[in-house]
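Student: Next comes the structure file input22.txt, holding compact mmCIF, C-alpha atoms.
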# COMPACT_ATOMS: atom_id res chain seq x y z
CA LEU A 1 100.99 62.91 115.91
CA GLU A 2 101.01 66.53 114.71
CA ALA A 3 97.29 66.33 113.93
CA PHE A 4 96.68 64.84 117.39
CA HIS A 5 98.50 67.75 119.01
CA ALA A 6 96.74 70.32 116.87
CA LEU A 7 93.26 69.28 118.02
CA GLN A 8 91.36 72.34 119.10
CA ASP A 9 87.81 73.32 119.88
CA GLY A 10 87.63 76.95 118.76
CA ASN A 11 90.15 78.83 120.89
CA LYS A 12 90.00 76.23 123.67
CA ARG A 13 92.92 73.86 123.99
CA PHE A 14 92.59 70.66 125.97
CA CYS A 15 95.09 68.16 127.33
CA PRO A 16 94.42 64.44 127.65
CA PRO A 17 94.37 62.85 131.13
CA GLY A 18 97.85 62.62 132.63
CA PHE A 19 99.07 65.79 130.96
CA PHE A 20 99.33 69.21 132.57
CA ARG A 21 95.95 70.93 132.59
CA CYS A 22 95.64 74.59 133.49
CA ASN A 23 92.95 75.31 136.06
CA PHE A 24 92.86 79.06 135.42
CA HIS A 25 90.83 79.05 132.23
CA LEU A 26 90.28 76.81 129.25
CA SER A 27 91.57 79.21 126.62
CA LEU A 28 95.23 79.27 127.64
CA THR A 29 97.60 79.72 124.75
CA TYR A 30 100.99 78.09 124.81
CA SER A 31 104.26 79.58 123.73
CA THR A 32 105.33 78.73 120.18
CA MET A 33 108.22 76.74 121.63
CA HIS A 34 105.73 74.37 123.24
CA CYS A 35 103.25 71.86 121.95
CA SER A 36 99.89 73.56 121.37
CA PHE A 37 98.11 70.52 122.79
CA CYS A 38 99.93 69.40 125.92
CA GLY A 39 102.23 72.36 126.61
CA ARG A 40 105.41 70.29 126.75
CA ASN A 41 108.63 71.64 125.28
CA SER A 42 111.24 69.59 123.46
CA THR A 43 112.68 68.28 126.75
CA GLY A 44 109.27 67.24 128.05
CA ALA A 45 109.09 70.07 130.58
CA LEU A 46 105.81 71.88 131.08
CA LEU A 47 105.59 75.63 130.72
CA CYS A 48 102.29 77.31 130.05
CA GLN A 49 101.89 80.91 129.08
CA VAL A 50 99.91 82.20 132.03
CA ARG A 51 100.04 85.71 133.43
CA ALA A 52 101.30 86.43 136.93
CA LYS A 53 98.11 88.29 137.82
CA ASP A 54 96.02 85.21 136.93
CA VAL A 55 98.13 83.01 139.19
CA LYS A 56 97.94 85.58 141.98
CA ARG A 57 94.14 85.62 141.72
CA VAL A 58 93.81 81.87 142.40
CA CYS A 59 96.78 81.03 144.63
CA ASP A 60 95.24 81.60 148.11
CA ASN A 61 97.72 84.37 148.99
CA LYS A 62 100.70 82.01 148.65
CA PHE A 63 102.93 84.38 146.71
CA GLY A 64 105.86 86.74 147.14
CA TRP A 65 109.47 87.46 146.23
CA LEU A 66 112.23 84.84 146.40
CA GLN A 67 115.77 84.59 145.03
CA LYS A 68 116.29 81.66 142.62
CA ARG A 69 119.67 80.17 141.91
CA GLY A 70 119.94 78.75 138.41
CA LEU A 71 121.62 75.57 137.21
CA THR A 72 124.08 77.20 134.82
CA ASN A 73 123.95 80.77 136.12
CA THR A 74 124.54 80.35 139.84
CA GLN A 75 123.90 84.04 140.50
CA GLN A 76 120.68 84.57 142.40
CA GLN A 77 117.84 86.11 140.44
CA LYS A 78 114.96 87.87 142.20
CA ARG A 79 111.70 86.20 141.15
CA TRP A 80 108.06 86.77 142.03
CA CYS A 81 106.72 83.32 142.96
CA ALA A 82 103.26 81.85 143.51
CA ILE A 83 102.00 78.40 144.49
CA HIS A 84 98.93 76.85 142.88
CA ASP A 85 97.69 73.37 142.02
CA LEU A 86 100.93 71.48 142.84
CA HIS A 87 103.09 74.00 140.93
CA LEU A 88 105.43 76.79 141.96
CA TYR A 89 105.38 79.46 139.26
CA TYR A 90 108.20 81.99 139.13
CA PHE A 91 108.04 85.24 137.18
CA GLU A 92 110.27 88.23 136.59
CA SER A 93 107.63 90.43 138.27
CA PRO A 94 103.98 90.32 139.40
CA ARG A 95 103.11 92.01 136.08
CA SER A 96 104.80 89.42 133.82
CA GLU A 97 102.83 87.96 130.94
CA GLU A 98 104.40 84.49 131.26
CA PRO A 99 106.47 82.60 133.85
CA LYS A 100 110.24 82.27 133.69
CA GLY A 101 109.61 78.72 134.87
CA VAL A 102 107.30 76.30 136.63
CA VAL A 103 108.36 73.79 139.31
CA ASN A 104 106.21 70.66 139.48
CA LEU A 105 105.65 70.00 143.20
CA ARG A 106 104.00 66.60 142.68
CA GLY A 107 106.11 64.13 144.67
CA ALA A 108 108.69 66.77 145.57
CA ILE A 109 110.63 67.01 148.83
CA VAL A 110 110.99 70.49 150.32
CA SER A 111 113.69 71.11 152.92
CA VAL A 112 115.84 73.87 154.35
CA SER A 113 119.15 73.88 152.49
CA LYS A 114 122.28 72.82 154.33
CA ARG A 115 124.44 74.33 151.57
CA ALA A 116 122.92 77.78 151.05
CA LYS A 117 122.04 80.27 153.78
CA LEU A 118 118.32 80.90 154.38
CA SER A 119 117.35 78.80 151.36
CA LEU A 120 114.92 76.05 150.49
CA GLU A 121 115.72 73.09 148.28
CA ILE A 122 112.95 71.53 146.22
CA GLU A 123 113.80 68.05 144.94
CA THR A 124 111.25 67.44 142.19
CA GLY A 125 109.94 63.95 141.56
CA ALA A 126 111.81 62.54 144.56
CA LEU A 127 108.81 60.53 145.80
CA ILE A 128 107.58 59.38 142.40
CA SER A 129 109.03 56.52 140.38
CA GLU A 130 107.11 57.13 137.14
CA LYS A 131 109.11 57.09 133.93
CA GLY A 132 109.68 60.61 132.58
CA THR A 133 109.32 62.36 135.94
CA GLU A 134 111.80 65.24 136.14
CA LYS A 135 114.35 64.80 138.92
CA ARG A 136 116.01 68.10 139.71
CA THR A 137 116.85 70.25 142.72
CA TYR A 138 115.77 73.89 142.75
CA VAL A 139 117.18 76.37 145.27
CA PHE A 140 115.16 79.39 146.40
CA SER A 141 116.37 81.85 149.02
CA THR A 142 114.48 84.34 151.15
CA LEU A 143 117.59 86.39 151.95
CA GLY A 144 117.60 89.59 149.89
CA ALA A 145 114.20 88.86 148.38
CA ASP A 146 112.28 91.35 150.53
CA GLU A 147 110.59 94.16 148.59
CA THR A 148 111.78 96.71 151.18
CA ARG A 149 115.43 95.73 150.85
CA GLY A 150 117.85 98.63 150.75
CA ARG A 151 115.57 101.15 152.47
CA SER A 152 117.32 102.30 155.62
CA ASP A 153 115.34 105.45 156.44
CA GLY A 154 118.35 106.68 158.44
CA LYS A 155 118.56 103.55 160.63
CA ASP A 156 121.81 101.97 161.74
CA PRO A 157 123.11 99.56 159.02
CA GLU A 158 123.72 96.82 161.61
CA ASP A 159 120.15 97.14 162.88
CA MET A 160 118.87 96.97 159.31
CA LYS A 161 120.92 93.80 158.71
CA ARG A 162 119.44 92.15 161.82
CA ILE A 163 115.93 93.16 160.76
CA GLU A 164 116.49 91.78 157.25
CA MET A 165 117.82 88.48 158.67
CA ALA A 166 114.82 88.14 161.00
CA ARG A 167 112.40 88.81 158.12
CA ALA A 168 114.22 86.32 155.91
CA LYS A 169 114.01 83.60 158.61
CA THR A 170 110.28 84.21 159.10
CA LYS A 171 109.71 84.21 155.34
CA LEU A 172 111.72 80.97 155.00
CA GLU A 173 109.46 79.19 157.50
CA THR A 174 106.34 80.57 155.79
CA TRP A 175 107.43 79.39 152.31
CA LYS A 176 108.58 76.03 153.70
CA GLY A 177 105.12 75.50 155.23
CA TRP A 178 103.31 76.54 152.05
CA LEU A 179 105.44 74.29 149.84
CA GLN A 180 105.23 71.27 152.15
CA GLU A 181 101.46 71.72 152.42
CA GLU A 182 101.22 71.81 148.62
CA THR A 183 103.48 68.77 148.05
CA ALA A 184 101.40 66.78 150.58
CA LYS A 185 98.48 67.07 148.14
CA THR A 186 100.34 64.55 145.93
CA PHE A 187 99.12 61.75 148.17
CA THR A 188 95.86 63.27 149.42
CA PRO A 189 92.70 61.97 147.73
CA ALA A 190 90.73 64.69 145.96
Would you write out, as structure tokens, the structure that this file holds?

Tutor:
Amino acid sequence: LEAFHALQDGNKRFCPPGFFRCNFHLSLTYSTMHCSFCGRNSTGALLCQVRAKDVKRVCDNKFGWLQKRGLTNTQQQKRWCAIHDLHLYYFESPRSEEPKGVVNLRGAIVSVSKRAKLSLEIETGALISEKGTEKRTYVFSTLGADETRGRSDGKDPEDMKRIEMARAKTKLETWKGWLQEETAKTFTPA
């Protein structure tokens, strides 16, 4: 098995059909905590070492800042996110060398959260019954994720709060549309 996973052609690493395959370039390197062949970590999750700027270059302008709520740390973390090839990548910043995580959108359900204000819930694998498909709910919020947050320029704080809420609502609808469009590709023939 180790020899199978170590197969390489020069610096190019390939994945067999059915495994995650990076569409950015063939010479992706994977983190040492991940299999050098298929990119899976010990839990079976996929996480490739791809730079934020490479994702930004190919993601059709579907990127921006969101707040992510973690599973164990329920504090919201500001993350730069981008959508490409049925994946939502989230990074610490647009200059990061590798993602903090990758959400597989294949068979996912995207909806506005009823539990968290101005947030989206992504239920991964909800529409797929394959063995080994990750079933998890991610929560991303648009509130407080704006790059201009905190700049008042002498404006009334109440006005600024209304402006921020309006921007967050618009951004929520934009991200919801992008994510639903991407998840629909699960069942669209290539």

Student: Env of Lys100 (chain A): 7 Å cut, atoms = all atoms listed in the file, seq-sep filter 6 positions within chain, self excluded. Answer as a list in words.

Tutor: Tyr90, Phe91 and Glu92 of chain A

Student: Which one is closest to Ala166 (chain A): A:Ala184, A:Val112, A:Leu143, A:Leu88? Count all atoms listed in the file.

Tutor: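 Closest to Ala166 (chain A) of all the choices is A:Leu143.
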
Student: With all atoms listed in the file as the counted atoms, please give the residues lying no more than 12 Å from Glu173 (chain A), apart from itself and same-chain residues fewer than 4 positions off, as a PyMOL selection string.

Tutor: chain A and resi 110-112+118-120+141-142+166-169+177-180

Student: For the atom pair CA of Lys135 (chain A) and CA of Glu121 (chain A), what is the interatomic distance in Å to one decimal place?

Tutor: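 Pair CA of Lys135 (chain A) / CA of Glu121 (chain A) returns 12.6 Å.
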
Student: If I take CA of Ile83 (chain A) and CA of Val50 (chain A), how far is one from the other in Å, to one decimal?

Tutor: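 Rounded to one decimal, the two atoms are 13.2 Å apart.
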
Student: What's around Glu182 (chain A) at 12 Å? Count only C-alpha atoms, leave out sequence neighbours fewer than 2 positions away in its own chain, and write the answer as a PyMOL selection string.

Tutor: chain A and resi 59-60+62+82-88+103-110+122+175-180+184-188

Student: Between A:Ser96, A:Ser113, A:Thr174, A:Thr183, which is the closest to Gln49 (chain A) once you count all atoms listed in the file?

Tutor: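 Checking each of A:Ser96, A:Ser113, A:Thr174, A:Thr183 against Gln49 (chain A), counting all atoms listed in the file, the winner is A:Ser96.
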
Student: Grab the CA of Glu164 (chain A) to CA of Arg57 (chain A) distance for me, in Å with one decimal place.

Tutor: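 Rounded to one decimal, the two atoms are 27.9 Å apart.
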
Student: Nearest residue to Phe140 (chain A) out of A:Arg162, A:Arg79, A:Lys68, A:Lys171, using all atoms listed in the file?

Tutor: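 Among the listed residues, A:Lys68 lies closest to Phe140 (chain A).
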
Student: Do a neighbour search on Gln77 (chain A) at 8 Å with all atoms listed in the file, toss out local chain neighbours closer than 5 positions, and write the hits as a count of residues only.

Tutor: 4

Student: Restricting the calculation to all atoms listed in the file: of A:Arg51, A:Val139, A:Asn73, A:Ile128, which residue gets closest to Glu97 (chain A)?

Tutor: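 Using all atoms listed in the file, Glu97 (chain A) sits closest to A:Arg51.
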
Student: For Cys81 (chain A), work out the shell of residues within 6 Å, counting all atoms listed in the file and skipping chain neighbours fewer than 4 positions away, then give it as a PDB file with C-alpha atoms, in the frame of the given file.

Tutor:
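Result saved to around.pdb:
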ATOM      1  CA  PHE A  63     102.930  84.380 146.710  1.00  0.00           C
ATOM      2  CA  GLY A  64     105.860  86.740 147.140  1.00  0.00           C
ATOM      3  CA  TRP A  65     109.470  87.460 146.230  1.00  0.00           C
ATOM      4  CA  TYR A  89     105.380  79.460 139.260  1.00  0.00           C
ATOM      5  CA  TYR A  90     108.200  81.990 139.130  1.00  0.00           C
TER       6      TYR A  90
END

Student: If I put a ball of radius 6 Å at (108.1, 66.3, 137.4) in the file's coordinates, which residues poke into it when counting all atoms listed in the file, written as a short mmCIF file (atom, residue, chain, number, x, y, z; two decimals) with C-alpha atoms, keeping the file's coordinate frame?

Tutor:
data_model
loop_
_atom_site.label_atom_id
_atom_site.label_comp_id
_atom_site.auth_asym_id
_atom_site.auth_seq_id
_atom_site.Cartn_x
_atom_site.Cartn_y
_atom_site.Cartn_z
CA ASN A 104 106.21 70.66 139.48
CA THR A 124 111.25 67.44 142.19
CA GLY A 125 109.94 63.95 141.56
CA THR A 133 109.32 62.36 135.94
CA GLU A 134 111.80 65.24 136.14
#
